[in-house]
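See below for structure-v4.cif, which holds mmCIF, C-alpha atoms.
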data_data
#
loop_
_atom_site.label_atom_id
_atom_site.label_comp_id
_atom_site.auth_asym_id
_atom_site.auth_seq_id
_atom_site.Cartn_x
_atom_site.Cartn_y
_atom_site.Cartn_z
CA MET A 10 -29.80 5.98 23.66
CA LYS A 11 -33.55 6.15 24.02
CA ARG A 12 -34.95 8.53 26.58
CA SER A 13 -35.56 7.06 30.02
CA LYS A 14 -37.05 8.39 33.20
CA ILE A 15 -34.73 7.10 35.89
CA GLN A 16 -35.42 7.94 39.51
CA GLY A 17 -33.49 6.71 42.54
CA SER A 18 -36.58 4.89 43.79
CA VAL A 19 -36.97 2.97 40.51
CA VAL A 20 -33.45 1.70 39.81
CA SER A 21 -30.29 1.38 41.84
CA LEU A 22 -27.59 4.02 41.80
CA VAL A 23 -25.34 1.54 40.02
CA SER A 24 -27.92 1.08 37.24
CA ALA A 25 -28.39 4.84 36.84
CA ILE A 26 -24.62 5.36 36.56
CA GLU A 27 -24.47 2.61 33.94
CA ILE A 28 -27.15 4.38 31.89
CA VAL A 29 -25.42 7.76 32.12
CA ALA A 30 -22.00 6.35 31.21
CA THR A 31 -23.52 4.64 28.17
CA CYS A 32 -25.36 7.81 27.24
CA LEU A 33 -22.11 9.81 27.30
CA ILE A 34 -20.43 7.26 25.06
CA GLU A 35 -23.27 7.24 22.53
CA SER A 36 -23.90 10.99 22.46
CA ALA A 37 -22.21 12.83 19.60
CA SER A 38 -22.15 16.06 21.59
CA THR A 39 -22.43 16.37 25.37
CA LEU A 40 -22.37 19.45 27.61
CA VAL A 41 -22.06 19.73 31.37
CA PHE A 42 -23.87 22.56 33.10
CA THR A 43 -22.68 23.30 36.64
CA GLY A 44 -23.93 25.46 39.47
CA ALA A 45 -23.15 26.36 43.06
CA GLY A 46 -23.96 22.90 44.37
CA LEU A 47 -20.77 21.52 42.84
CA SER A 48 -18.55 24.12 44.50
CA VAL A 49 -20.29 23.73 47.86
CA GLU A 50 -18.42 20.45 48.12
CA SER A 51 -15.19 22.47 47.90
CA GLY A 52 -16.23 24.75 50.73
CA VAL A 53 -17.65 27.59 48.63
CA PRO A 54 -21.03 28.60 50.09
CA ALA A 55 -24.10 28.68 47.87
CA PHE A 56 -26.10 31.88 47.45
CA ARG A 57 -29.53 30.34 48.00
CA GLY A 58 -30.95 27.79 50.39
CA SER A 59 -31.26 27.69 54.15
CA GLU A 60 -27.53 28.33 54.68
CA GLY A 61 -27.02 30.40 51.53
CA LEU A 62 -25.13 33.68 51.57
CA TRP A 63 -28.13 35.71 50.48
CA THR A 64 -30.35 33.95 53.00
CA ARG A 65 -28.01 34.99 55.79
CA TYR A 66 -26.90 38.40 54.54
CA GLY A 67 -29.73 39.52 52.27
CA THR A 68 -29.95 39.75 48.49
CA PRO A 69 -27.72 42.38 46.84
CA SER A 70 -29.28 45.42 45.23
CA PRO A 71 -30.72 44.70 41.77
CA ASP A 72 -29.14 48.01 40.72
CA SER A 73 -25.53 47.02 41.45
CA TYR A 74 -24.43 47.38 37.84
CA ARG A 75 -26.13 50.75 37.50
CA TYR A 76 -24.28 51.96 40.60
CA PHE A 77 -21.00 50.84 39.01
CA LEU A 78 -21.73 52.76 35.81
CA GLU A 79 -22.70 55.86 37.77
CA ASP A 80 -19.52 55.87 39.87
CA PRO A 81 -16.88 53.42 38.60
CA ALA A 82 -14.17 55.30 40.50
CA MET A 83 -15.85 54.50 43.82
CA TYR A 84 -16.27 50.87 42.78
CA TRP A 85 -12.54 50.58 42.12
CA LYS A 86 -11.59 52.48 45.24
CA ASN A 87 -13.53 49.91 47.23
CA GLN A 88 -11.94 47.06 45.27
CA ILE A 89 -8.40 48.31 45.87
CA GLU A 90 -8.92 49.11 49.52
CA ASN A 91 -10.85 45.87 50.00
CA VAL A 92 -13.27 47.72 52.25
CA ARG A 93 -15.68 44.79 52.53
CA THR A 94 -14.23 43.00 55.52
CA GLU A 95 -17.56 41.45 56.43
CA GLY A 96 -20.79 40.51 54.69
CA TYR A 97 -21.48 37.98 51.98
CA MET A 98 -18.79 39.21 49.56
CA ALA A 99 -16.06 38.98 52.20
CA GLU A 100 -17.13 35.44 53.11
CA LEU A 101 -17.38 34.40 49.45
CA ARG A 102 -14.01 35.92 48.55
CA LYS A 103 -12.26 34.13 51.42
CA ALA A 104 -13.93 30.81 50.63
CA ILE A 105 -13.01 30.97 46.94
CA ASP A 106 -9.40 31.84 47.69
CA LEU A 107 -9.13 28.80 49.96
CA ALA A 108 -11.07 26.38 47.74
CA VAL A 109 -9.52 23.56 45.74
CA PRO A 110 -11.20 21.38 43.10
CA ASN A 111 -13.09 18.40 44.43
CA ALA A 112 -13.56 14.92 42.98
CA GLY A 113 -16.47 16.17 40.86
CA HIS A 114 -14.35 18.85 39.17
CA ASP A 115 -11.58 16.31 38.60
CA ALA A 116 -14.00 13.82 37.07
CA LEU A 117 -15.32 16.39 34.61
CA ALA A 118 -11.77 17.27 33.54
CA THR A 119 -11.15 13.56 32.96
CA LEU A 120 -14.32 13.20 30.87
CA GLU A 121 -13.20 16.12 28.72
CA ARG A 122 -9.74 14.64 28.19
CA ARG A 123 -11.40 11.36 27.19
CA GLY A 124 -13.50 13.19 24.59
CA LEU A 125 -16.84 12.54 26.27
CA ILE A 126 -17.87 16.15 26.86
CA ASP A 127 -17.54 19.10 24.51
CA ALA A 128 -17.55 21.84 27.14
CA VAL A 129 -18.54 22.87 30.64
CA ILE A 130 -20.93 25.78 31.01
CA THR A 131 -20.66 27.00 34.59
CA GLN A 132 -22.48 29.58 36.66
CA ASN A 133 -19.67 29.51 39.22
CA ILE A 134 -17.11 32.30 39.48
CA ASP A 135 -14.54 30.37 41.53
CA GLY A 136 -12.27 29.13 38.73
CA LEU A 137 -12.26 25.58 40.10
CA HIS A 138 -12.92 23.99 36.69
CA HIS A 139 -9.76 25.66 35.39
CA LYS A 140 -7.78 24.52 38.42
CA ALA A 141 -9.01 20.94 37.87
CA GLY A 142 -7.72 20.98 34.30
CA SER A 143 -10.85 21.50 32.21
CA GLN A 144 -10.06 23.45 29.04
CA LYS A 145 -13.34 24.19 27.29
CA ILE A 146 -15.25 26.29 29.82
CA VAL A 147 -17.86 29.00 29.42
CA GLU A 148 -17.91 30.99 32.66
CA LEU A 149 -21.39 32.34 32.16
CA HIS A 150 -21.30 34.58 35.24
CA GLY A 151 -17.64 35.51 34.99
CA SER A 152 -14.62 34.77 37.15
CA ARG A 153 -13.38 36.05 40.49
CA TYR A 154 -9.86 36.00 39.04
CA LYS A 155 -10.39 38.22 36.00
CA VAL A 156 -11.36 41.75 35.01
CA ARG A 157 -13.33 42.66 31.90
CA CYS A 158 -14.07 45.58 29.60
CA VAL A 159 -17.78 46.39 29.59
CA GLU A 160 -17.56 47.53 25.95
CA CYS A 161 -15.44 45.04 23.98
CA HIS A 162 -15.59 42.24 26.63
CA LEU A 163 -11.81 41.78 26.69
CA ARG A 164 -10.92 39.62 29.70
CA ILE A 165 -7.63 39.88 31.57
CA ALA A 166 -6.30 37.99 34.56
CA ARG A 167 -6.78 40.24 37.57
CA GLU A 168 -3.23 39.71 38.78
CA GLU A 169 -1.85 40.76 35.39
CA PHE A 170 -3.87 43.96 35.10
CA ASP A 171 -2.01 47.08 36.18
CA ILE A 172 -4.38 49.62 37.70
CA THR A 173 -2.63 52.95 37.22
CA LEU A 174 -5.73 55.01 36.53
CA ILE A 175 -8.97 55.09 38.51
CA PRO A 176 -11.29 54.02 37.00
CA PRO A 177 -9.15 51.81 34.76
CA ARG A 178 -9.75 51.79 31.04
CA CYS A 179 -9.43 49.09 28.40
CA LEU A 180 -6.19 49.25 26.41
CA SER A 181 -8.04 48.05 23.32
CA CYS A 182 -11.13 50.29 23.18
CA ASN A 183 -10.89 52.65 26.19
CA GLY A 184 -14.06 51.17 27.70
CA LEU A 185 -14.54 50.87 31.45
CA ILE A 186 -12.91 47.92 33.19
CA LYS A 187 -14.75 46.10 35.97
CA GLY A 188 -14.46 42.84 37.83
CA ASP A 189 -15.39 39.96 35.54
CA SER A 190 -18.18 38.59 37.74
CA VAL A 191 -21.60 39.52 36.36
CA MET A 192 -23.33 41.97 38.70
CA PHE A 193 -27.02 42.26 39.49
CA GLY A 194 -28.63 44.24 36.68
CA GLU A 195 -25.75 43.55 34.29
CA PRO A 196 -26.50 41.66 31.08
CA VAL A 197 -24.49 38.51 30.53
CA PRO A 198 -21.93 39.50 27.85
CA ARG A 199 -23.25 38.67 24.41
CA PRO A 200 -20.21 36.60 23.30
CA TRP A 201 -20.70 34.25 26.26
CA VAL A 202 -24.36 33.76 25.44
CA GLN A 203 -23.46 33.13 21.81
CA TRP A 204 -20.92 30.46 22.76
CA CYS A 205 -23.57 28.72 24.83
CA LEU A 206 -26.08 28.84 22.00
CA GLU A 207 -23.54 27.35 19.59
CA TYR A 208 -22.82 24.45 21.94
CA VAL A 209 -26.52 23.95 22.72
CA SER A 210 -27.49 23.87 19.03
CA LYS A 211 -25.61 20.60 18.48
CA CYS A 212 -25.94 19.10 21.97
CA GLU A 213 -27.48 15.62 22.27
CA CYS A 214 -27.03 15.25 26.02
CA ILE A 215 -26.58 17.79 28.81
CA VAL A 216 -25.59 16.85 32.35
CA LEU A 217 -26.82 19.24 35.06
CA VAL A 218 -24.65 19.26 38.17
CA GLY A 219 -25.51 21.24 41.29
CA THR A 220 -27.69 23.86 39.63
CA SER A 221 -31.12 24.94 40.86
CA GLY A 222 -32.48 25.99 37.47
CA THR A 223 -33.77 29.32 38.76
CA VAL A 224 -31.33 31.82 37.19
CA TYR A 225 -31.81 33.08 33.64
CA PRO A 226 -30.62 33.13 30.93
CA ALA A 227 -28.58 30.19 32.26
CA ALA A 228 -31.62 28.02 33.00
CA SER A 229 -32.88 28.38 29.45
CA PHE A 230 -30.00 26.44 27.87
CA PRO A 231 -30.84 22.94 29.21
CA ARG A 232 -34.45 23.46 28.18
CA MET A 233 -33.29 24.38 24.67
CA VAL A 234 -31.33 21.12 24.51
CA GLN A 235 -34.41 19.13 25.46
CA SER A 236 -36.66 21.00 23.03
CA ASN A 237 -34.16 20.04 20.32
CA GLY A 238 -34.55 16.36 21.26
CA GLY A 239 -31.55 16.08 23.58
CA ILE A 240 -31.34 14.13 26.83
CA LEU A 241 -31.26 15.90 30.22
CA VAL A 242 -29.35 14.24 33.05
CA GLU A 243 -29.53 15.70 36.55
CA ILE A 244 -27.02 14.96 39.31
CA ASN A 245 -28.12 16.70 42.47
CA PRO A 246 -28.94 15.66 46.03
CA GLN A 247 -31.91 18.05 45.98
CA GLU A 248 -34.94 18.40 43.74
CA THR A 249 -34.68 21.37 41.38
CA GLU A 250 -36.69 23.28 38.82
CA PHE A 251 -35.29 20.87 36.20
CA SER A 252 -36.09 17.61 37.98
CA GLU A 253 -39.55 16.85 36.61
CA SER A 254 -38.49 17.38 33.01
CA CYS A 255 -35.19 15.49 33.22
CA ASP A 256 -34.82 12.14 31.48
CA ILE A 257 -32.35 10.75 34.01
CA VAL A 258 -32.19 11.89 37.64
CA ILE A 259 -29.53 10.76 40.11
CA ARG A 260 -30.02 11.91 43.68
CA GLY A 261 -26.48 12.07 44.98
CA SER A 262 -23.48 14.32 45.45
CA ALA A 263 -21.28 15.22 42.51
CA THR A 264 -18.18 14.07 44.37
CA ARG A 265 -19.61 10.57 44.58
CA VAL A 266 -21.56 10.25 41.33
CA LEU A 267 -19.22 11.83 38.78
CA PRO A 268 -16.15 9.72 39.69
CA SER A 269 -18.40 6.65 39.54
CA ILE A 270 -19.45 7.59 36.01
CA VAL A 271 -15.78 7.96 35.03
CA ASN A 272 -14.95 4.58 36.52
CA ARG A 273 -17.84 2.89 34.73
CA PHE A 274 -16.83 4.49 31.44
CA LEU A 275 -13.29 3.15 31.84
CA GLU A 276 -14.69 -0.33 32.56
CA LEU A 277 -16.88 -0.22 29.47
CA MET A 278 -13.88 0.75 27.32
CA ILE A 279 -11.84 -2.29 28.36
#

The structure given in the file should be rewritten as structure tokens.
Amino acid sequence: MKRSKIQGSVVSLVSAIEIVATCLIESASTLVFTGAGLSVESGVPAFRGSEGLWTRYGTPSPDSYRYFLEDPAMYWKNQIENVRTEGYMAELRKAIDLAVPNAGHDALATLERRGLIDAVITQNIDGLHHKAGSQKIVELHGSRYKVRCVECHLRIAREEFDITLIPPRCLSCNGLIKGDSVMFGEPVPRPWVQWCLEYVSKCECIVLVGTSGTVYPAASFPRMVQSNGGILVEINPQETEFSESCDIVIRGSATRVLPSIVNRFLELMI
């Protein structure tokens, strides 16, 4: 498909969905890149924006990871005792535990099963893509439901990890174990970045869903796709850092737009 600049004021929503569905069919390799905006529709609050967690509670210390390395025992003591009964982490933890996948998550899982997308790269830590049935997922900022070795990057389901020593150590390399979510000041684990780069290198179309485009290195991947000649599709009710450079822009919620794309794809395959 040739590049197009589609704005809601230029064509109808129906026409834009038709273009995106056709683009997914014709693309040899498609990625979906998701951010907090998708999970907001499942009741998980965003970090930024007028009602964002950090707007209401303040931005966490940029030295969070350094504090962990300096005193991992205290970090785990707090984790075990669950001392944060209020503040942004308490609100986020409760919201994630109550959240269920929405129609947008379900639509993406369907597109993967139909062979239209190669993988989902997500900045969300809520595990909702897994719960919806997606299989090929890069959780770029980690998962609320896992722990990870900071040395060898081994990931283990939190509920399966037996904490008998504080701080816990990796059974494979004896490195420190921490929650899987990437902390402020912590580099994104190299294997995760490498997986993204491998997907991006062959990507012909990337669909951006609910991401602001302000967090790096995550925000660099869609721009790499475009610099390689790929098509950028944005699905977001709000304008973002990506909007002006996107080829196709649909101003709408993921729970409405993504199921519509699935439905149009099924119609085109009849």

I need the residue set behind the PyMOL selection byres ((chain A and resi 234) around 8) for this file; please write it as a PDB file with C-alpha atoms, in the coordinates of the input.
ATOM      1  CA  VAL A 209     -26.520  23.950  22.720  1.00  0.00           C
ATOM      2  CA  SER A 210     -27.490  23.870  19.030  1.00  0.00           C
ATOM      3  CA  CYS A 212     -25.940  19.100  21.970  1.00  0.00           C
ATOM      4  CA  GLU A 213     -27.480  15.620  22.270  1.00  0.00           C
ATOM      5  CA  CYS A 214     -27.030  15.250  26.020  1.00  0.00           C
ATOM      6  CA  ILE A 215     -26.580  17.790  28.810  1.00  0.00           C
ATOM      7  CA  PHE A 230     -30.000  26.440  27.870  1.00  0.00           C
ATOM      8  CA  PRO A 231     -30.840  22.940  29.210  1.00  0.00           C
ATOM      9  CA  ARG A 232     -34.450  23.460  28.180  1.00  0.00           C
ATOM     10  CA  MET A 233     -33.290  24.380  24.670  1.00  0.00           C
ATOM     11  CA  GLN A 235     -34.410  19.130  25.460  1.00  0.00           C
ATOM     12  CA  SER A 236     -36.660  21.000  23.030  1.00  0.00           C
ATOM     13  CA  ASN A 237     -34.160  20.040  20.320  1.00  0.00           C
ATOM     14  CA  GLY A 238     -34.550  16.360  21.260  1.00  0.00           C
ATOM     15  CA  GLY A 239     -31.550  16.080  23.580  1.00  0.00           C
ATOM     16  CA  ILE A 240     -31.340  14.130  26.830  1.00  0.00           C
ATOM     17  CA  LEU A 241     -31.260  15.900  30.220  1.00  0.00           C
TER      18      LEU A 241
END

request  = Report the residues retrieved by the PyMOL selection byres ((chain A and resi 120-122) around 12) from the displayed file, expressed as a PyMOL selection string.
outcome  = chain A and resi 30+33-34+38-41+113-119+123-129+138+141-146+216+267-275

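Ranking A:Arg260, A:Arg102, A:Ala112, A:Arg178 by their shortest atom-to-atom distance to Arg153 of chain A, with only C-alpha atoms included, puts A:Arg102 first.
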
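Atom CA of Glu195 of chain A is found 19.5 Å from atom CA of Arg167 of chain A.
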
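The closest residue to Gly151 of chain A, picked from A:Ala166, A:Ile130, A:Val191, A:Ile175 and counting all atoms listed in the file, is A:Val191.
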
Considering all atoms listed in the file, tabulate each residue of segment 173-226 of chain A that lies at most 9 Å from segment 47-68 of chain A along with its nearest interatomic pair and the corresponding distance in Å to one decimal; arrange the rows by chain and ascending residue number and present them as a Markdown table.
| residue | atom | partner | partner_atom | distance |
| --- | --- | --- | --- | --- |
| A:Val218 | CA | A:Leu47 | CA | 6.5 |
| A:Gly219 | CA | A:Leu47 | CA | 5.0 |
| A:Thr220 | CA | A:Leu47 | CA | 8.0 |

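The closest residue to Gly44 of chain A, picked from A:Ile165, A:Leu78, A:Asn133, A:Ile186 and counting all atoms listed in the file, is A:Asn133.
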